[in-house]
file run04.cif (mmCIF, C-alpha atoms)
data_target
#
loop_
_atom_site.label_atom_id
_atom_site.label_comp_id
_atom_site.auth_asym_id
_atom_site.auth_seq_id
_atom_site.Cartn_x
_atom_site.Cartn_y
_atom_site.Cartn_z
CA MET A 808 161.16 56.41 152.30
CA SER A 809 160.63 58.56 155.34
CA ALA A 810 160.08 57.01 158.72
CA ALA A 811 156.70 58.70 158.81
CA SER A 812 155.48 56.89 155.69
CA GLU A 813 156.88 53.44 156.49
CA PRO A 814 154.39 50.97 158.00
CA PRO A 815 155.27 50.08 161.59
CA GLY A 816 156.60 46.66 162.52
CA LEU A 817 158.22 45.76 159.19
CA ARG A 818 161.09 43.28 159.36
CA ALA A 819 164.36 44.57 157.94
CA ASP A 820 164.13 42.37 154.83
CA ALA A 821 160.52 43.41 154.21
CA ALA A 822 161.47 47.07 154.59
CA ARG A 823 164.28 46.61 152.05
CA ASN A 824 161.92 44.95 149.58
CA ARG A 825 159.35 47.69 150.03
CA ARG A 826 162.04 50.31 149.48
CA LEU A 827 163.16 48.49 146.31
CA LEU A 828 159.61 48.50 144.95
CA LEU A 829 159.04 52.16 145.81
CA ASP A 830 162.27 53.19 144.10
CA ALA A 831 161.39 51.15 141.01
CA ALA A 832 157.85 52.53 140.91
CA ALA A 833 159.08 56.09 141.37
CA THR A 834 161.45 55.65 138.41
CA VAL A 835 158.74 54.21 136.17
CA PHE A 836 156.08 56.72 137.20
CA ALA A 837 158.47 59.65 136.79
CA GLU A 838 159.02 58.65 133.17
CA HIS A 839 155.59 57.36 132.18
CA GLY A 840 153.17 58.84 134.71
CA THR A 841 150.82 56.90 136.92
CA GLN A 842 149.25 55.13 133.96
CA ALA A 843 152.33 52.86 133.92
CA SER A 844 151.50 49.24 134.66
CA ILE A 845 152.37 47.06 137.63
CA ALA A 846 154.15 44.78 135.14
CA GLN A 847 156.50 47.63 134.19
CA ILE A 848 157.23 48.31 137.85
CA ALA A 849 157.87 44.64 138.61
CA GLN A 850 160.24 44.44 135.64
CA GLN A 851 162.11 47.55 136.80
CA ALA A 852 162.47 46.06 140.29
CA GLY A 853 163.39 42.61 139.00
CA VAL A 854 160.57 40.86 140.85
CA ALA A 855 157.32 39.10 140.03
CA LYS A 856 154.06 41.05 139.91
CA GLY A 857 152.85 39.09 142.92
CA THR A 858 155.65 40.58 145.01
CA VAL A 859 154.37 44.06 144.23
CA PHE A 860 150.84 43.15 145.29
CA ARG A 861 152.03 41.57 148.53
CA HIS A 862 153.35 44.96 149.61
CA PHE A 863 150.76 47.13 147.86
CA PRO A 864 147.36 45.45 147.40
CA THR A 865 146.27 48.02 144.80
CA LYS A 866 147.98 50.38 142.42
CA ASP A 867 146.42 53.29 144.31
CA ASP A 868 148.19 52.08 147.46
CA LEU A 869 151.50 52.16 145.61
CA VAL A 870 150.89 55.62 144.17
CA ALA A 871 149.84 56.92 147.58
CA ALA A 872 153.04 55.59 149.16
CA ILE A 873 155.14 57.38 146.54
CA VAL A 874 153.21 60.61 147.03
CA CYS A 875 153.87 60.35 150.78
CA ASP A 876 157.56 59.85 150.07
CA GLN A 877 157.69 62.92 147.87
CA LEU A 878 155.69 65.13 150.23
CA ASP A 879 157.84 64.06 153.18
CA HIS A 880 160.98 64.75 151.15
CA LEU A 881 159.78 68.30 150.48
CA ALA A 882 158.82 68.72 154.14
CA ALA A 883 162.34 67.64 155.14
CA VAL A 884 163.81 70.20 152.75
CA GLY A 885 161.56 72.84 154.26
CA THR A 886 162.52 71.86 157.80
CA ARG A 887 166.20 72.27 156.94
CA LEU A 888 165.54 75.65 155.33
CA SER A 889 163.57 76.84 158.35
CA GLU A 890 166.91 77.38 160.10
CA ALA A 891 168.43 79.39 157.22
CA ALA A 892 169.88 82.82 157.97
CA ASP A 893 167.93 84.46 155.11
CA PRO A 894 164.24 83.48 155.48
CA THR A 895 163.14 85.02 152.18
CA ALA A 896 165.83 83.21 150.22
CA ALA A 897 164.91 80.03 152.09
CA LEU A 898 161.27 80.30 150.98
CA PHE A 899 162.36 80.83 147.39
CA GLU A 900 164.67 77.79 147.58
CA PHE A 901 161.83 75.69 148.99
CA MET A 902 159.52 76.73 146.16
CA THR A 903 162.26 76.10 143.60
CA THR A 904 162.87 72.59 144.95
CA ALA A 905 159.15 71.77 144.87
CA VAL A 906 158.54 72.93 141.29
CA ASP A 907 161.76 71.32 140.08
CA LEU A 908 160.59 68.00 141.55
CA GLN A 909 157.30 68.30 139.68
CA SER A 910 159.09 69.10 136.43
CA ARG A 911 161.25 65.98 136.73
CA ASP A 912 158.59 63.62 138.07
CA ARG A 913 155.25 63.36 136.27
CA SER A 914 153.81 61.16 138.98
CA LEU A 915 153.83 63.85 141.66
CA CYS A 916 151.88 66.39 139.65
CA GLN A 917 149.57 63.77 138.16
CA ALA A 918 148.84 62.13 141.49
CA SER A 919 148.27 65.47 143.19
CA ALA A 920 145.37 66.02 140.81
CA GLU A 921 143.81 62.71 141.80
CA VAL A 922 141.59 62.24 144.83
CA PHE A 923 143.16 60.69 147.92
CA ALA A 924 140.52 62.03 150.30
CA ASP A 925 140.24 58.69 152.08
CA ASN A 926 143.99 58.08 152.36
CA ARG A 927 145.06 59.17 155.82
CA ALA A 928 148.76 58.75 155.12
CA VAL A 929 148.62 61.16 152.17
CA GLN A 930 146.52 63.59 154.18
CA ALA A 931 149.00 63.48 157.06
CA ALA A 932 151.97 64.01 154.71
CA ALA A 933 150.17 66.97 153.11
CA ASP A 934 149.53 68.41 156.57
CA ARG A 935 153.23 68.13 157.45
CA LEU A 936 154.18 69.92 154.23
CA THR A 937 151.62 72.66 154.84
CA GLU A 938 152.91 73.17 158.38
CA ILE A 939 156.48 73.73 157.23
CA ALA A 940 155.30 76.00 154.40
CA GLU A 941 153.52 78.11 157.03
CA VAL A 942 156.72 78.32 159.06
CA LEU A 943 158.81 79.36 156.04
CA THR A 944 156.21 81.91 154.98
CA GLY A 945 155.97 83.35 158.48
CA ARG A 946 159.74 83.70 158.78
CA ALA A 947 159.93 85.52 155.42
CA GLN A 948 157.15 87.88 156.58
CA THR A 949 158.97 88.58 159.82
CA GLN A 950 161.93 89.66 157.68
CA LYS A 951 159.52 91.82 155.60
CA GLY A 952 160.63 89.77 152.61
CA ILE A 953 157.11 88.97 151.33
CA ARG A 954 153.71 90.58 151.69
CA ASP A 955 151.98 89.90 154.97
CA ASP A 956 148.62 88.68 153.63
CA VAL A 957 150.02 85.50 152.03
CA THR A 958 149.82 82.15 153.82
CA GLY A 959 151.76 78.94 153.58
CA GLN A 960 148.69 77.28 152.08
CA ASP A 961 148.73 79.93 149.33
CA VAL A 962 152.33 78.96 148.63
CA ILE A 963 151.48 75.25 148.43
CA LEU A 964 148.66 75.89 145.97
CA LEU A 965 150.82 78.20 143.85
CA LEU A 966 153.52 75.56 143.44
CA ARG A 967 151.37 73.36 141.23
CA GLY A 968 150.12 76.37 139.28
CA ILE A 969 153.68 77.38 138.45
CA TYR A 970 154.43 73.95 137.06
CA GLN A 971 151.16 73.75 135.12
CA ALA A 972 151.81 77.13 133.49
CA ALA A 973 154.98 75.82 131.85
CA ALA A 974 153.95 72.17 131.37
CA PRO A 975 152.55 72.53 127.80
CA LEU A 976 156.00 73.60 126.57
CA SER A 977 158.09 71.36 128.81
CA ASP A 978 159.26 69.09 125.99
CA HIS A 979 160.92 72.01 124.22
CA GLN A 980 161.64 74.32 127.15
CA PRO A 981 162.05 72.09 130.20
CA THR A 982 163.16 74.91 132.49
CA LEU A 983 160.51 77.46 131.48
CA TRP A 984 158.91 76.96 134.89
CA ARG A 985 161.73 79.04 136.37
CA ARG A 986 160.38 82.09 134.52
CA TYR A 987 156.94 81.69 136.09
CA LEU A 988 158.40 80.92 139.49
CA ALA A 989 160.23 84.25 139.29
CA VAL A 990 157.01 86.04 138.28
CA VAL A 991 155.11 84.52 141.21
CA PHE A 992 157.85 85.21 143.71
CA GLU A 993 158.11 88.83 142.61
CA GLY A 994 154.39 89.05 143.29
CA LEU A 995 154.92 87.64 146.77
CA ARG A 996 157.69 90.18 147.38
CA SER A 997 155.59 93.17 146.30
CA PRO A 998 154.81 95.62 149.12
CA GLY A 999 151.10 94.77 149.03
CA THR A 1000 149.74 98.28 148.54
CA GLN A 1001 146.42 96.67 147.64
CA PRO A 1002 145.04 93.86 149.80
CA LEU A 1003 144.31 90.52 148.20
CA PRO A 1004 140.64 90.37 147.10
CA LEU A 1005 139.73 87.16 148.94
CA PRO A 1006 140.73 85.60 152.25
CA ALA A 1007 143.24 82.75 152.50
CA PRO A 1008 142.04 79.23 151.64
CA ASP A 1009 139.97 77.69 154.42
CA LEU A 1010 141.23 74.13 154.34
CA PHE A 1011 140.96 71.33 156.85
CA ARG A 1012 143.47 68.87 158.17
CA SER A 1013 142.90 65.13 158.05
CA SER A 1014 141.78 65.34 161.68
CA GLY A 1015 138.94 67.64 160.63
CA THR A 1016 140.30 70.78 162.28
CA ARG A 1017 140.94 74.00 160.45
CA VAL A 1018 144.47 74.62 159.21
CA GLU A 1019 145.93 77.20 161.59
CA GLN A 1020 148.40 79.80 160.44
CA HIS A 1021 151.90 79.24 161.78
CA ARG A 1022 154.04 82.32 162.14
CA ALA A 1023 157.62 82.55 163.27
CA PRO A 1024 158.05 84.48 166.54
#
call {"tool": "encode", "arguments": {"input": "run04.cif", "output": "structure tokens"}}
result
Amino acid sequence: MSAASEPPGLRADAARNRRLLLDAAATVFAEHGTQASIAQIAQQAGVAKGTVFRHFPTKDDLVAAIVCDQLDHLAAVGTRLSEAADPTAALFEFMTTAVDLQSRDRSLCQASAEVFADNRAVQAAADRLTEIAEVLTGRAQTQKGIRDDVTGQDVILLLRGIYQAAAPLSDHQPTLWRRYLAVVFEGLRSPGTQPLPLPAPDLFRSSGTRVEQHRAP
């Protein structure tokens, strides 16, 4: 779990127990989706159900904590790639990592379709991921590696679409998403002789302010 998603003031033993539960829940959810029961998670962790509820009062709290973990993991990957020598390759690697995670973990894609509008931790984690996507996109544009009317928020929204395109055939062709990732990325790399028909998404951060575009100098 990232430091950003860990509640402040936890004792070391409590932090270890929370980490144990999150790891167990992530394993169960990745296999069965978020419809998996608390009993299954408790069994995976080797604890009583009451232990789960002491750390996470509701199942939604547990799912939200896992989503924060996953979003912060992707943000950390993006932060590392923001120093890469080839910005366009770095953006492609970031997108590949994100779609690969969705393909291996049902909970991320399933939970991203659910509403966490009132969960500030999830909102903040999504903001952090959007910020680094803007940085990666801006660096690739500075290199002239992708068209200049694409935003980091476009990239974030496309990631789920890539996974969803291949999801119906995932049991038989688990890596089909790579085909659609390549199609999308080739579209991003096109010279942009025709402008996109609509402006970039006008989304808002958890603080209520408009998402600003971040461009590399």
call {"tool": "atom_distance", "arguments": {"input": "run04.cif", "atom1": "CA of Ile873 in chain A", "atom2": "CA of Pro1008 in chain A"}}
result
26.0 Å
call {"tool": "residues_around", "arguments": {"input": "run04.cif", "residues": "Ala882 in chain A", "least_positions_apart": "3", "cutoff": "7 Å", "atoms": "only C-alpha atoms", "output": "PyMOL selection string"}}
result
chain A and resi 878-879+885-886+935-936+939
call {"tool": "residues_around", "arguments": {"input": "run04.cif", "residues": "Thr944 in chain A", "least_positions_apart": "5", "cutoff": "7 Å", "atoms": "only C-alpha atoms", "output": "count of residues only"}}
result
3
call {"tool": "closest_residue", "arguments": {"input": "run04.cif", "among": "A:Ala905, A:Ala837, A:Pro1002, A:Gly945", "to": "Val884 in chain A", "atoms": "all atoms listed in the file"}}
result
A:Ala905
call {"tool": "atom_distance", "arguments": {"input": "run04.cif", "atom1": "CA of Ser910 in chain A", "atom2": "CA of Ala833 in chain A"}}
result
13.9 Å
call {"tool": "residues_around", "arguments": {"input": "run04.cif", "residues": "range 967-984 of chain A", "least_positions_apart": "3", "cutoff": "8 Å", "atoms": "only C-alpha atoms", "output": "MDAnalysis selection string"}}
result
chainID A and resid 906 909:910 916 963:964 987:988 991
call {"tool": "write_last_selection", "arguments": {"input": "run04.cif", "atoms": "C-alpha atoms", "output": "short mmCIF file (atom, residue, chain, number, x, y, z; two decimals), in the coordinates of the input"}}
result
data_model
loop_
_atom_site.label_atom_id
_atom_site.label_comp_id
_atom_site.auth_asym_id
_atom_site.auth_seq_id
_atom_site.Cartn_x
_atom_site.Cartn_y
_atom_site.Cartn_z
CA VAL A 906 158.54 72.93 141.29
CA GLN A 909 157.30 68.30 139.68
CA SER A 910 159.09 69.10 136.43
CA CYS A 916 151.88 66.39 139.65
CA ILE A 963 151.48 75.25 148.43
CA LEU A 964 148.66 75.89 145.97
CA TYR A 987 156.94 81.69 136.09
CA LEU A 988 158.40 80.92 139.49
CA VAL A 991 155.11 84.52 141.21
#
call {"tool": "atom_distance", "arguments": {"input": "run04.cif", "atom1": "CA of Thr834 in chain A", "atom2": "CA of Val854 in chain A"}}
result
15.0 Å
call {"tool": "resolve_selection", "arguments": {"input": "run04.cif", "expression": "the PyMOL selection byres ((chain A and resi 827) around 12)", "output": "list in words"}}
result
Met808, Asp820, Ala821, Ala822, Arg823, Asn824, Arg825, Arg826, Leu828, Leu829, Asp830, Ala831, Ala832, Ala833, Thr834, Ile848, Ala849, Gln850, Gln851, Ala852, Gly853, Val854, Thr858, Val859, His862 and Ile873 of chain A
call {"tool": "residues_around", "arguments": {"input": "run04.cif", "residues": "Arg954 in chain A", "least_positions_apart": "3", "cutoff": "8 Å", "atoms": "all atoms listed in the file", "output": "ChimeraX atom specification"}}
result
/A:948,951,957,995-999
call {"tool": "closest_residue", "arguments": {"input": "run04.cif", "among": "A:Arg946, A:Arg861, A:Arg985, A:His839", "to": "Thr895 in chain A", "atoms": "only C-alpha atoms"}}
result
A:Arg946
call {"tool": "closest_residue", "arguments": {"input": "run04.cif", "among": "A:Ala1007, A:Ala933, A:Ala940, A:Ala928", "to": "Asp956 in chain A", "atoms": "only C-alpha atoms"}}
result
A:Ala1007
call {"tool": "resolve_selection", "arguments": {"input": "run04.cif", "expression": "the PyMOL selection byres ((chain A and resi 888) around 9)", "output": "number ranges by chain"}}
result
A: 883-887, 889-892, 894, 897-898, 900-901, 943
call {"tool": "closest_residue", "arguments": {"input": "run04.cif", "among": "A:Leu869, A:Ile845, A:Val835, A:Ala896", "to": "Gln950 in chain A", "atoms": "only C-alpha atoms"}}
result
A:Ala896
